[in-house]
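As stored in work.csv (CSV, C-alpha atoms and all ligand atoms):
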chain,number,residue,atom,x,y,z
A,251,MET,CA,-22.7,-26.9,-13.3
A,252,ARG,CA,-21.3,-29.8,-15.2
A,253,ASP,CA,-20.1,-33.1,-13.8
A,254,VAL,CA,-16.8,-34.8,-14.9
A,255,GLY,CA,-16.6,-38.4,-13.9
A,256,ILE,CA,-13.0,-39.7,-13.3
A,257,VAL,CA,-12.5,-43.2,-14.6
A,258,GLY,CA,-9.4,-45.4,-14.9
A,259,LEU,CA,-7.9,-48.7,-14.1
A,260,PRO,CA,-7.4,-49.6,-10.5
A,261,GLN,CA,-4.4,-47.8,-8.9
A,262,SER,CA,-4.0,-45.6,-12.0
A,263,GLY,CA,-4.2,-42.5,-9.8
A,264,LYS,CA,-7.9,-41.5,-10.0
A,265,THR,CA,-8.2,-40.4,-6.4
A,266,THR,CA,-4.9,-38.6,-6.6
A,267,LEU,CA,-6.1,-36.7,-9.6
A,268,PHE,CA,-9.4,-36.0,-7.8
A,269,ASN,CA,-7.5,-34.5,-4.9
A,270,ALA,CA,-5.3,-32.5,-7.2
A,271,LEU,CA,-8.4,-31.0,-8.9
A,272,THR,CA,-10.6,-30.5,-5.9
A,273,ARG,CA,-8.3,-30.1,-2.8
A,274,ALA,CA,-10.8,-32.4,-1.1
A,275,GLY,CA,-8.1,-34.4,0.6
A,276,VAL,CA,-9.7,-37.8,0.1
A,277,PRO,CA,-7.1,-40.4,1.1
A,278,ALA,CA,-5.6,-42.1,-2.0
A,279,GLY,CA,-6.2,-45.9,-2.1
A,280,GLY,CA,-9.7,-45.6,-0.5
A,281,ALA,CA,-12.4,-48.2,-0.3
A,282,ALA,CA,-14.1,-49.7,-3.3
A,283,GLY,CA,-17.6,-48.9,-4.5
A,284,LYS,CA,-17.9,-45.5,-3.0
A,285,ALA,CA,-18.2,-42.2,-5.0
A,286,SER,CA,-16.6,-39.0,-3.9
A,287,VAL,CA,-18.1,-35.8,-5.3
A,288,ALA,CA,-16.7,-32.3,-5.0
A,289,ALA,CA,-17.6,-29.0,-6.7
A,290,VAL,CA,-14.7,-26.6,-7.3
A,291,PRO,CA,-14.5,-23.0,-8.7
A,292,VAL,CA,-13.0,-22.9,-12.1
A,293,PRO,CA,-10.0,-20.5,-12.1
A,294,ASP,CA,-10.5,-17.6,-14.4
A,295,PRO,CA,-8.1,-14.7,-14.3
A,296,ARG,CA,-10.7,-12.5,-16.1
A,297,VAL,CA,-12.8,-12.6,-13.0
A,298,ASP,CA,-9.9,-11.4,-10.9
A,299,VAL,CA,-9.0,-8.6,-13.3
A,300,LEU,CA,-12.5,-7.3,-13.8
A,301,SER,CA,-13.3,-7.4,-10.1
A,302,GLU,CA,-10.2,-5.2,-9.4
A,303,LEU,CA,-11.2,-2.8,-12.1
A,304,GLU,CA,-14.8,-2.5,-10.9
A,305,ARG,CA,-14.0,-2.8,-7.2
A,306,SER,CA,-16.5,-5.7,-6.8
A,307,ARG,CA,-17.2,-6.9,-3.3
A,308,LYS,CA,-17.4,-10.5,-4.4
A,309,ARG,CA,-15.8,-12.8,-7.1
A,310,VAL,CA,-17.8,-15.8,-8.2
A,311,PHE,CA,-16.3,-18.4,-10.5
A,312,ALA,CA,-18.0,-20.9,-12.7
A,313,GLN,CA,-18.0,-24.3,-11.0
A,314,ALA,CA,-17.2,-27.8,-12.1
A,315,ARG,CA,-18.1,-31.0,-10.2
A,316,PHE,CA,-15.8,-34.0,-10.2
A,317,VAL,CA,-16.9,-37.5,-9.3
A,318,ASP,CA,-14.3,-40.1,-8.2
A,319,VAL,CA,-15.5,-43.7,-8.1
A,320,ALA,CA,-13.4,-46.4,-6.5
A,321,GLY,CA,-13.6,-50.0,-7.6
A,322,LEU,CA,-13.2,-50.3,-11.3
A,323,SER,CA,-12.4,-54.0,-11.4
A,324,ALA,CA,-9.0,-55.3,-12.5
A,325,GLY,CA,-10.8,-58.3,-13.9
A,326,GLY,CA,-11.7,-56.9,-17.3
A,327,PRO,CA,-14.8,-58.3,-19.1
A,328,GLY,CA,-17.2,-59.8,-16.7
A,329,GLY,CA,-15.7,-58.0,-13.7
A,330,GLY,CA,-17.7,-54.9,-14.3
A,331,LEU,CA,-17.8,-51.6,-12.4
A,332,ALA,CA,-19.0,-51.5,-8.8
A,333,ALA,CA,-22.7,-50.9,-9.1
A,334,GLN,CA,-22.9,-48.0,-6.7
A,335,GLY,CA,-20.2,-46.1,-8.3
A,336,LEU,CA,-21.5,-46.8,-11.8
A,337,GLY,CA,-24.7,-44.9,-10.9
A,338,ALA,CA,-22.7,-41.8,-10.1
A,339,LEU,CA,-20.7,-42.1,-13.3
A,340,ARG,CA,-23.8,-42.5,-15.4
A,341,GLU,CA,-25.0,-39.0,-14.3
A,342,ALA,CA,-21.7,-37.4,-15.3
A,343,ASP,CA,-21.7,-35.1,-18.4
A,344,ALA,CA,-18.2,-36.1,-19.5
A,345,LEU,CA,-15.5,-38.6,-18.5
A,346,ALA,CA,-11.9,-38.0,-17.7
A,347,MET,CA,-9.9,-41.2,-18.3
A,348,VAL,CA,-6.9,-41.4,-16.1
A,349,LEU,CA,-3.8,-43.1,-17.6
A,350,ALA,CA,-0.9,-43.7,-15.3
A,351,ALA,CA,2.4,-42.5,-16.7
A,352,TRP,CA,4.1,-41.8,-13.4
A,353,ASP,CA,5.6,-45.2,-13.0
A,354,GLU,CA,8.2,-46.3,-15.6
A,355,SER,CA,7.4,-49.9,-14.8
A,356,GLY,CA,3.6,-49.4,-15.0
A,357,PRO,CA,1.4,-50.4,-17.9
A,358,ASP,CA,1.7,-48.5,-21.2
A,359,PRO,CA,-0.8,-45.6,-21.2
A,360,VAL,CA,-2.1,-46.5,-24.6
A,361,GLU,CA,-2.7,-50.1,-23.6
A,362,ALA,CA,-4.3,-48.9,-20.4
A,363,ALA,CA,-6.6,-46.7,-22.4
A,364,ALA,CA,-7.6,-49.7,-24.6
A,365,GLU,CA,-8.2,-51.9,-21.5
A,366,LEU,CA,-10.3,-49.1,-19.8
A,367,THR,CA,-12.3,-48.5,-23.0
A,368,LEU,CA,-13.0,-52.2,-23.1
A,369,GLU,CA,-14.2,-52.2,-19.5
A,370,LEU,CA,-16.5,-49.2,-20.3
A,371,THR,CA,-18.0,-50.9,-23.4
A,372,VAL,CA,-18.6,-54.1,-21.3
A,373,ALA,CA,-20.4,-52.1,-18.6
A,374,ASP,CA,-22.6,-50.4,-21.3
A,375,LEU,CA,-23.2,-53.7,-23.0
A,376,GLU,CA,-24.6,-55.1,-19.8
A,377,SER,CA,-27.2,-52.4,-19.7
A,378,VAL,CA,-27.9,-52.1,-23.4
A,379,ALA,CA,-28.2,-55.8,-24.3
A,380,GLY,CA,-31.2,-56.4,-22.0
A,381,GLY,CA,-32.9,-53.3,-23.4
A,382,ALA,CA,-32.3,-54.4,-27.0
A,383,GLU,CA,-33.9,-57.7,-26.2
A,384,LYS,CA,-37.0,-56.1,-24.6
A,385,ALA,CA,-37.3,-53.6,-27.5
A,386,ALA,CA,-37.1,-56.4,-30.1
A,387,LYS,CA,-40.0,-58.2,-28.3
A,388,LYS,CA,-42.1,-55.0,-28.2
A,389,ALA,CA,-41.3,-54.3,-31.9
A,390,ARG,CA,-42.5,-57.8,-32.9
A,391,ALA,CA,-45.7,-57.2,-30.9
A,392,GLY,CA,-46.2,-54.0,-32.9
A,393,VAL,CA,-45.8,-51.6,-30.0
A,394,LYS,CA,-45.7,-48.0,-31.2
A,395,ASP,CA,-42.1,-46.5,-31.5
A,396,ALA,CA,-40.6,-49.8,-30.5
A,397,ALA,CA,-39.1,-50.4,-34.0
A,398,LEU,CA,-36.7,-47.4,-33.8
A,399,GLU,CA,-35.8,-48.4,-30.2
A,400,ALA,CA,-35.1,-52.0,-31.2
A,401,GLU,CA,-33.0,-50.9,-34.2
A,402,VAL,CA,-31.0,-48.4,-32.3
A,403,LEU,CA,-30.3,-50.7,-29.3
A,404,ALA,CA,-29.4,-53.6,-31.6
A,405,ARG,CA,-26.9,-51.4,-33.4
A,406,ALA,CA,-25.5,-50.2,-30.1
A,407,ARG,CA,-25.2,-53.7,-28.8
A,408,ASP,CA,-23.3,-54.8,-31.8
A,409,LEU,CA,-20.9,-51.9,-31.6
A,410,LEU,CA,-20.3,-52.5,-27.9
A,411,ASP,CA,-19.8,-56.2,-28.6
A,412,GLN,CA,-17.0,-55.3,-30.9
A,413,GLY,CA,-15.5,-53.0,-28.2
A,414,THR,CA,-16.5,-49.8,-30.0
A,415,PRO,CA,-17.4,-46.8,-27.8
A,416,LEU,CA,-20.8,-45.5,-28.7
A,417,ARG,CA,-19.5,-41.9,-29.2
A,418,ASP,CA,-17.5,-43.1,-32.1
A,419,ALA,CA,-20.6,-43.9,-34.2
A,420,GLY,CA,-22.9,-41.3,-35.7
A,421,TRP,CA,-26.4,-41.0,-34.2
A,422,GLU,CA,-29.4,-39.0,-35.3
A,423,PRO,CA,-30.9,-36.8,-32.5
A,424,GLU,CA,-33.8,-39.2,-32.0
A,425,GLU,CA,-31.4,-42.2,-31.9
A,426,ALA,CA,-29.3,-40.5,-29.3
A,427,ARG,CA,-32.4,-39.9,-27.3
A,428,VAL,CA,-33.1,-43.6,-27.2
A,429,LEU,CA,-29.6,-44.3,-26.1
A,430,ARG,CA,-29.6,-41.7,-23.4
A,431,ASN,CA,-32.3,-43.6,-21.5
A,432,PHE,CA,-29.5,-46.1,-20.8
A,433,ALA,CA,-27.0,-43.4,-19.9
A,434,PRO,CA,-24.2,-45.2,-21.6
A,435,LEU,CA,-20.7,-44.3,-20.4
A,436,THR,CA,-19.2,-44.6,-23.8
A,437,LEU,CA,-21.6,-42.1,-25.3
A,438,LYS,CA,-20.3,-39.4,-23.1
A,439,PRO,CA,-17.6,-37.0,-24.4
A,440,ALA,CA,-14.2,-38.2,-23.0
A,441,LEU,CA,-10.8,-36.8,-22.5
A,442,ALA,CA,-7.6,-38.6,-21.5
A,443,VAL,CA,-5.6,-37.4,-18.5
A,444,LEU,CA,-2.0,-38.6,-18.6
A,445,SER,CA,-0.8,-38.7,-15.0
A,446,LEU,CA,2.8,-37.8,-15.0
A,447,ALA,CA,5.7,-38.1,-12.5
A,448,GLU,CA,6.8,-34.8,-11.0
A,449,ALA,CA,10.1,-35.1,-12.9
A,450,ASP,CA,8.1,-34.9,-16.2
A,451,ALA,CA,5.9,-32.0,-15.1
A,452,ALA,CA,7.8,-29.5,-17.3
A,453,ALA,CA,7.3,-31.7,-20.4
A,454,ALA,CA,3.5,-32.0,-19.9
A,455,ALA,CA,2.5,-30.3,-23.1
A,456,ASP,CA,4.7,-32.5,-25.3
A,457,ARG,CA,3.7,-35.7,-23.5
A,458,ALA,CA,0.0,-34.8,-23.9
A,459,ALA,CA,0.5,-34.1,-27.6
A,460,GLY,CA,2.4,-37.4,-28.1
A,461,THR,CA,-0.3,-39.5,-26.4
A,462,GLU,CA,-3.2,-37.6,-28.0
A,463,ALA,CA,-1.8,-38.6,-31.5
A,464,LYS,CA,-1.8,-42.3,-30.5
A,465,LEU,CA,-5.2,-42.3,-28.7
A,466,GLY,CA,-7.2,-40.1,-31.0
A,467,LEU,CA,-8.8,-38.6,-27.8
A,468,PRO,CA,-8.3,-35.1,-26.5
A,469,THR,CA,-5.5,-35.5,-24.0
A,470,VAL,CA,-4.0,-33.4,-21.2
A,471,ALA,CA,-1.0,-34.2,-19.0
A,472,VAL,CA,-1.0,-33.5,-15.3
A,473,ALA,CA,1.6,-34.1,-12.5
A,474,ALA,CA,-1.3,-35.2,-10.3
A,475,ALA,CA,0.6,-36.3,-7.1
A,476,LEU,CA,2.6,-33.1,-7.2
A,477,GLU,CA,-0.5,-31.0,-7.6
A,478,ALA,CA,-2.3,-32.9,-4.9
A,479,GLU,CA,0.7,-32.2,-2.6
A,480,ALA,CA,0.6,-28.5,-3.6
A,481,ALA,CA,-3.2,-28.4,-2.9
A,482,GLU,CA,-2.4,-28.9,0.8
A,483,LEU,CA,-0.1,-25.9,1.0
A,484,PRO,CA,-1.0,-22.2,1.4
A,485,PRO,CA,-1.6,-20.8,-2.2
A,486,GLU,CA,1.7,-18.9,-2.4
A,487,ASP,CA,3.8,-22.0,-1.4
A,488,ALA,CA,1.8,-24.1,-3.8
A,489,ALA,CA,2.6,-21.7,-6.6
A,490,ASP,CA,6.3,-21.8,-5.7
A,491,LEU,CA,6.3,-25.6,-5.6
A,492,LEU,CA,4.6,-25.9,-9.0
A,493,ARG,CA,6.8,-23.3,-10.6
A,494,GLY,CA,9.8,-25.1,-9.2
A,495,TYR,CA,8.9,-28.2,-11.2
A,496,GLY,CA,8.1,-26.2,-14.3
A,497,VAL,CA,4.3,-26.7,-14.3
A,498,GLU,CA,3.0,-24.3,-16.9
A,499,ARG,CA,-0.7,-25.0,-16.7
A,500,GLY,CA,-2.5,-26.5,-13.7
A,501,GLY,CA,-4.5,-29.7,-14.0
A,502,LEU,CA,-7.9,-28.1,-13.1
A,503,ASP,CA,-7.4,-25.4,-15.8
A,504,GLN,CA,-6.5,-28.1,-18.4
A,505,VAL,CA,-9.2,-30.6,-17.5
A,506,VAL,CA,-11.9,-28.1,-17.4
A,507,GLY,CA,-10.8,-26.2,-20.5
A,508,THR,CA,-10.9,-29.5,-22.5
A,509,ALA,CA,-14.1,-30.8,-20.9
A,510,TRP,CA,-15.9,-27.5,-21.6
A,511,ARG,CA,-14.7,-27.6,-25.2
A,512,LEU,CA,-16.0,-31.2,-25.5
A,513,LEU,CA,-19.3,-30.1,-23.9
A,514,ASP,CA,-19.6,-27.1,-26.2
A,515,LEU,CA,-19.6,-24.6,-23.3
A,516,MET,CA,-18.3,-21.1,-23.2
A,517,THR,CA,-17.9,-18.4,-20.6
A,518,PHE,CA,-19.5,-15.0,-20.4
A,519,LEU,CA,-19.0,-12.5,-17.6
A,520,THR,CA,-21.0,-10.0,-15.5
A,521,THR,CA,-19.5,-7.3,-13.4
A,522,GLY,CA,-20.5,-4.5,-11.0
A,523,GLU,CA,-20.0,-3.2,-7.5
A,524,ASP,CA,-21.7,-6.2,-6.0
A,525,GLU,CA,-19.9,-9.0,-7.8
A,526,THR,CA,-17.9,-10.0,-10.8
A,527,ARG,CA,-18.9,-13.4,-12.0
A,528,ALA,CA,-18.2,-16.0,-14.7
A,529,TRP,CA,-21.0,-18.0,-16.1
A,530,GLU,CA,-20.9,-21.0,-18.4
A,531,VAL,CA,-23.4,-21.4,-21.2
A,532,HIS,CA,-23.7,-23.5,-24.3
A,533,ARG,CA,-22.0,-22.3,-27.4
A,534,GLY,CA,-24.4,-20.5,-29.7
A,535,ALA,CA,-26.6,-19.3,-26.8
A,536,THR,CA,-28.6,-16.1,-27.5
A,537,ALA,CA,-28.5,-13.1,-25.2
A,538,PRO,CA,-31.9,-14.1,-23.6
A,539,GLU,CA,-30.6,-17.7,-23.0
A,540,ALA,CA,-27.5,-16.3,-21.4
A,541,ALA,CA,-29.7,-13.9,-19.3
A,542,GLY,CA,-31.7,-17.0,-18.2
A,543,ARG,CA,-28.5,-18.5,-16.7
A,544,ILE,CA,-28.4,-15.5,-14.4
A,545,HIS,CA,-32.1,-15.6,-13.5
A,546,SER,CA,-35.3,-16.7,-15.2
A,547,ASP,CA,-36.8,-13.2,-14.8
A,548,LEU,CA,-33.9,-11.8,-16.9
A,549,GLN,CA,-34.8,-14.2,-19.8
A,550,ARG,CA,-38.6,-13.7,-19.4
A,551,GLY,CA,-38.4,-9.9,-19.3
A,552,PHE,CA,-35.4,-9.5,-21.6
A,553,ILE,CA,-35.3,-6.1,-23.3
A,554,ARG,CA,-31.7,-5.8,-24.6
A,555,ALA,CA,-28.1,-6.7,-23.7
A,556,GLU,CA,-25.3,-4.2,-23.3
A,557,VAL,CA,-22.1,-5.9,-24.4
A,558,ILE,CA,-18.5,-5.0,-24.2
A,559,ALA,CA,-15.8,-7.6,-25.0
A,560,TYR,CA,-13.6,-8.5,-22.0
A,561,ASP,CA,-10.4,-7.2,-23.8
A,562,ASP,CA,-12.1,-3.9,-24.5
A,563,VAL,CA,-13.1,-3.4,-20.8
A,564,VAL,CA,-9.6,-4.1,-19.7
A,565,ALA,CA,-7.9,-1.9,-22.4
A,566,ALA,CA,-10.2,1.0,-21.5
A,567,GLY,CA,-9.6,0.5,-17.7
A,568,GLY,CA,-13.2,-0.4,-16.8
A,569,TRP,CA,-16.8,-0.7,-18.0
A,570,ASP,CA,-17.7,3.0,-17.8
A,571,ALA,CA,-14.5,4.1,-19.5
A,572,ALA,CA,-15.1,1.5,-22.3
A,573,ARG,CA,-18.6,2.8,-22.7
A,574,SER,CA,-17.3,6.4,-23.0
A,575,LYS,CA,-15.0,5.3,-25.7
A,576,GLY,CA,-18.0,3.9,-27.7
A,577,LEU,CA,-17.0,0.2,-27.1
A,578,LEU,CA,-20.4,-0.7,-25.8
A,579,ARG,CA,-22.8,-2.5,-28.2
A,580,THR,CA,-26.5,-2.7,-27.6
A,581,GLU,CA,-27.7,-6.1,-28.8
A,582,SER,CA,-31.2,-7.5,-29.2
A,583,LYS,CA,-32.6,-10.9,-28.4
A,584,SER,CA,-31.2,-12.6,-31.5
A,585,TYR,CA,-27.6,-11.8,-30.5
A,586,VAL,CA,-25.4,-14.8,-30.1
A,587,VAL,CA,-23.2,-14.4,-27.1
A,588,GLN,CA,-19.4,-14.7,-27.6
A,589,GLU,CA,-16.7,-16.1,-25.4
A,590,GLY,CA,-15.6,-13.4,-23.0
A,591,ASP,CA,-18.5,-11.1,-23.5
A,592,VAL,CA,-19.2,-8.9,-20.5
A,593,LEU,CA,-22.9,-8.5,-20.4
A,594,HIS,CA,-25.3,-6.2,-18.7
A,595,ILE,CA,-28.9,-7.3,-19.2
A,596,ARG,CA,-31.8,-4.8,-19.4
A,597,PHE,CA,-35.0,-6.4,-18.5
A,598,ASN,CA,-38.5,-5.7,-17.3
A,599,VAL,CA,-40.9,-8.1,-15.6
B,601,LIG,N1,4.5,-41.5,-7.3
B,601,LIG,C1,3.2,-41.4,-7.7
B,601,LIG,N2,2.4,-42.2,-7.1
B,601,LIG,C2,1.1,-42.1,-7.5
B,601,LIG,C3,0.6,-41.1,-8.4
B,601,LIG,N3,-0.7,-41.3,-8.6
B,601,LIG,C4,-1.1,-42.3,-7.8
B,601,LIG,N4,0.0,-42.8,-7.1
B,601,LIG,C5,0.0,-43.9,-6.1
B,601,LIG,O1,-0.7,-45.0,-6.7
B,601,LIG,C6,-1.6,-45.5,-5.7
B,601,LIG,C7,-3.0,-45.5,-6.2
B,601,LIG,O2,-3.4,-44.2,-6.3
B,601,LIG,P1,-4.9,-43.8,-6.3
B,601,LIG,O3,-5.0,-42.3,-6.6
B,601,LIG,O4,-5.6,-44.2,-5.0
B,601,LIG,O5,-5.5,-44.6,-7.5
B,601,LIG,P2,-7.0,-45.1,-7.8
B,601,LIG,O6,-7.1,-46.5,-7.4
B,601,LIG,O7,-7.0,-45.0,-9.3
B,601,LIG,O8,-7.9,-44.1,-7.2
B,601,LIG,C8,-1.4,-44.8,-4.4
B,601,LIG,O9,-0.5,-45.5,-3.6
B,601,LIG,C9,-0.8,-43.5,-4.9
B,601,LIG,O10,0.0,-42.8,-3.9
B,601,LIG,C10,1.6,-40.3,-9.0
B,601,LIG,O11,1.3,-39.4,-9.8
B,601,LIG,N5,2.9,-40.4,-8.6
B,602,MG,MG,-9.4,-44.3,-5.8

If you took the structure in this file and wrote it as structure tokens, what would it be?
Amino acid sequence: MRDVGIVGLPQSGKTTLFNALTRAGVPAGGAAGKASVAAVPVPDPRVDVLSELERSRKRVFAQARFVDVAGLSAGGPGGGLAAQGLGALREADALAMVLAAWDESGPDPVEAAAELTLELTVADLESVAGGAEKAAKKARAGVKDAALEAEVLARARDLLDQGTPLRDAGWEPEEARVLRNFAPLTLKPALAVLSLAEADAAAAADRAAGTEAKLGLPTVAVAAALEAEAAELPPEDAADLLRGYGVERGGLDQVVGTAWRLLDLMTFLTTGEDETRAWEVHRGATAPEAAGRIHSDLQRGFIRAEVIAYDDVVAAGGWDAARSKGLLRTESKSYVVQEGDVLHIRFNV
């Protein structure tokens, strides 16, 4: 499971987006300094289709966790983030930066992104600057490994001081390891979420593309208040409402799709009478690594993987039919799993 931290200027619509994504029903405009966390199943039509074909008793979706922190200061530099919420954000794997575009008279989203980025760099600077000073002292005293730490932290401090997010600089793996001890927010992969008025819902794809070109950050656009409202309705009414406004792709689907891409994750599937299930795994994972997502025994005792591509299973009308047509491949432990592979792991422990 991966955590996506929702960040944004005050009143930008963070909690509204959180509600749209998680259906948690946390009141918008809530108290400062408190973090809300909710895990949600990631919609994946492949799970529905496969489970129908295989008559699975259960459907299990991959999950994403969202963190909503109230209390980003309006004060800019020096204001800082509420300490309690900051801790929750530091544990996130990726950040979703909410940019309000639902109010014509509100701040320009591109300016808001710059202001928010500045706040995040200030928050990182506060934690990195002290570390840089300590590391420099240790390096001068000749402490082992302190020279690299001092050099990396001094460079990070200077970048942050200029308002540059740490993710925009190149870091060697051992340098990134030093930085990660401070869990800097600006090192995390980030996407922008343009929060649209319901009247603009149908133009979401164009609006996202236009803003992405200006921001240089992967950007999605979501009619968050509309989706939060829909989240409180029975599923069919919600679908009708969203269709009525011309919503083509839901916020959860968009945010997770982009976050997974930034985090280099992909999805493989397992199916059978018991359950059909989607699993997320890092891109480039071998068959035993994917097996290990299911259970450590399957990785330890891995013999081989039987693989059929999702499209082949569907075209044949099911796993057994696809196998009869010769669409099943037997792969060894060096096999690199592909997006949408349906896997059956043979193992022995
Ligand atoms: N009309 C409209 N109002 C919104 C939207 N998103 C947020 N708001 C309003 O803006 C205020 C702040 O929203 P909230 O989600 O609490 O922002 P946060 O401070 O960033 O968590 C609330 O009064 C919301 O109802 C939106 O998409 N459309
Ligand atoms: Mg809020």

Pull the closest atom pair for each residue of chain A that gets at most 9 Å from ligand LIG 601 (chain B), along with the distance in Å to one decimal, counting all atoms listed in the file, ordering rows by chain and then ascending residue number, as a tab-separated table.
residue	atom	partner	partner_atom	distance
A:Ile256	CA	B:LIG601	O7	8.9
A:Val257	CA	B:LIG601	O7	7.8
A:Gly258	CA	B:LIG601	O7	6.1
A:Leu259	CA	B:LIG601	O7	6.1
A:Pro260	CA	B:LIG601	O6	4.4
A:Gln261	CA	B:LIG601	O6	3.4
A:Ser262	CA	B:LIG601	O7	4.1
A:Gly263	CA	B:LIG601	O3	3.3
A:Lys264	CA	B:LIG601	O7	3.7
A:Thr265	CA	B:LIG601	O3	3.7
A:Thr266	CA	B:LIG601	O3	3.7
A:Leu267	CA	B:LIG601	O3	6.4
A:Phe268	CA	B:LIG601	O3	7.8
A:Asn269	CA	B:LIG601	O3	8.4
A:Pro277	CA	B:LIG601	O4	7.3
A:Ala278	CA	B:LIG601	O4	3.7
A:Gly279	CA	B:LIG601	O4	3.4
A:Gly280	CA	B:LIG601	O4	6.2
A:Ala282	CA	B:LIG601	O6	8.7
A:Asp318	CA	B:LIG601	O8	7.6
A:Val319	CA	B:LIG601	O8	7.7
A:Ala320	CA	B:LIG601	O8	6.0
A:Gly321	CA	B:LIG601	O6	7.4
A:Leu322	CA	B:LIG601	O6	8.2
A:Val348	CA	B:LIG601	O7	7.7
A:Ala350	CA	B:LIG601	N3	7.1
A:Ala351	CA	B:LIG601	O11	7.6
A:Trp352	CA	B:LIG601	N5	5.1
A:Asp353	CA	B:LIG601	N1	6.9
A:Ser445	CA	B:LIG601	O11	5.7
A:Leu446	CA	B:LIG601	O11	5.6
A:Ala447	CA	B:LIG601	N5	5.3
A:Glu448	CA	B:LIG601	N5	7.2
A:Val472	CA	B:LIG601	O11	8.4
A:Ala473	CA	B:LIG601	O11	6.0
A:Ala474	CA	B:LIG601	O11	5.0
A:Ala475	CA	B:LIG601	O11	4.2
A:Leu476	CA	B:LIG601	O11	6.9
A:Glu477	CA	B:LIG601	O11	8.9
A:Ala478	CA	B:LIG601	O11	8.9

note = Among A:Arg307, A:Ala314, A:Arg543, A:Leu548, A:Met251 is approached most closely, using only C-alpha atoms, by A:Ala314

task = May I have the residues at most 12 Å from (-18.3, 2.4, -29.2) in the file's coordinates, counting only C-alpha atoms, as an NGL selection string?
result = :A and (556-559 or 562-563 or 566 or 569-580)

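Between atom CA of A:Glu341 and atom CA of A:Asp395 lies a distance of 25.4 Å.
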
task = Record the distance separating atom CA of A:Ser306 and atom CA of A:Thr520, expressed in Å with one decimal.
result =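 Separation of atom CA of A:Ser306 and atom CA of A:Thr520: 10.7 Å.
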
ask   = Which distance in Å separates atom CA of A:Lys388 and atom CA of A:Leu437, to one decimal?
value = 24.4 Å

inquiry  = Taking all atoms listed in the file into account, name the residue in A:Leu429, A:Val443, A:Leu491, A:Ile595 that is nearest to A:Arg554.
reply    =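 Closest to A:Arg554 of all the choices is A:Ile595.
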
Which residues, written as a PDB file with C-alpha atoms, in the frame of the given file, have at least one atom at most 10 Å from A:Trp529, with all atoms listed in the file counted and residues fewer than 5 positions away on the same chain left out?
ATOM      1  CA  MET A 251     -22.700 -26.900 -13.300  1.00  0.00           C
ATOM      2  CA  VAL A 310     -17.800 -15.800  -8.200  1.00  0.00           C
ATOM      3  CA  PHE A 311     -16.300 -18.400 -10.500  1.00  0.00           C
ATOM      4  CA  ALA A 312     -18.000 -20.900 -12.700  1.00  0.00           C
ATOM      5  CA  GLN A 313     -18.000 -24.300 -11.000  1.00  0.00           C
ATOM      6  CA  LEU A 515     -19.600 -24.600 -23.300  1.00  0.00           C
ATOM      7  CA  MET A 516     -18.300 -21.100 -23.200  1.00  0.00           C
ATOM      8  CA  THR A 517     -17.900 -18.400 -20.600  1.00  0.00           C
ATOM      9  CA  PHE A 518     -19.500 -15.000 -20.400  1.00  0.00           C
ATOM     10  CA  LEU A 519     -19.000 -12.500 -17.600  1.00  0.00           C
ATOM     11  CA  THR A 520     -21.000 -10.000 -15.500  1.00  0.00           C
ATOM     12  CA  ALA A 540     -27.500 -16.300 -21.400  1.00  0.00           C
ATOM     13  CA  ARG A 543     -28.500 -18.500 -16.700  1.00  0.00           C
ATOM     14  CA  ILE A 544     -28.400 -15.500 -14.400  1.00  0.00           C
ATOM     15  CA  GLY A 590     -15.600 -13.400 -23.000  1.00  0.00           C
TER      16      GLY A 590
END

key: A:Gly466, A:Gly380, A:Gly335, A:Gly392 ranked by distance to A:Ala364, top pick (using all atoms listed in the file)   = A:Gly466

Exercise: A:Ala363 partners within 8 Å, only C-alpha atoms, chain neighbours under 4 positions left out, as a list in words =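 That gives Met347, Leu349, Pro359, Thr367 and Leu465 of chain A.
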
Write a file of the selected residues as a short mmCIF file (atom, residue, chain, number, x, y, z; two decimals), keeping the file's coordinate frame, keeping C-alpha atoms.
data_model
loop_
_atom_site.label_atom_id
_atom_site.label_comp_id
_atom_site.auth_asym_id
_atom_site.auth_seq_id
_atom_site.Cartn_x
_atom_site.Cartn_y
_atom_site.Cartn_z
CA MET A 347 -9.90 -41.20 -18.30
CA LEU A 349 -3.80 -43.10 -17.60
CA PRO A 359 -0.80 -45.60 -21.20
CA THR A 367 -12.30 -48.50 -23.00
CA LEU A 465 -5.20 -42.30 -28.70
#

Counting all atoms listed in the file, the option among A:Ala396, A:Val506, A:Leu409, A:Val592 closest to A:Thr371 = A:Leu409

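Distances here use all atoms listed in the file; by that measure, the residue among A:Ala362, A:Ala289, A:Ala480, A:Leu593 closest to A:Thr521 is A:Leu593.
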
ask   = Contacts of A:Asp374 at 10 Å or less, counting all atoms listed in the file, minus same-chain residues fewer than 6 places along, as a ChimeraX atom specification?
value = /A:330,340,368,406-407,410-411,415-416,432-437
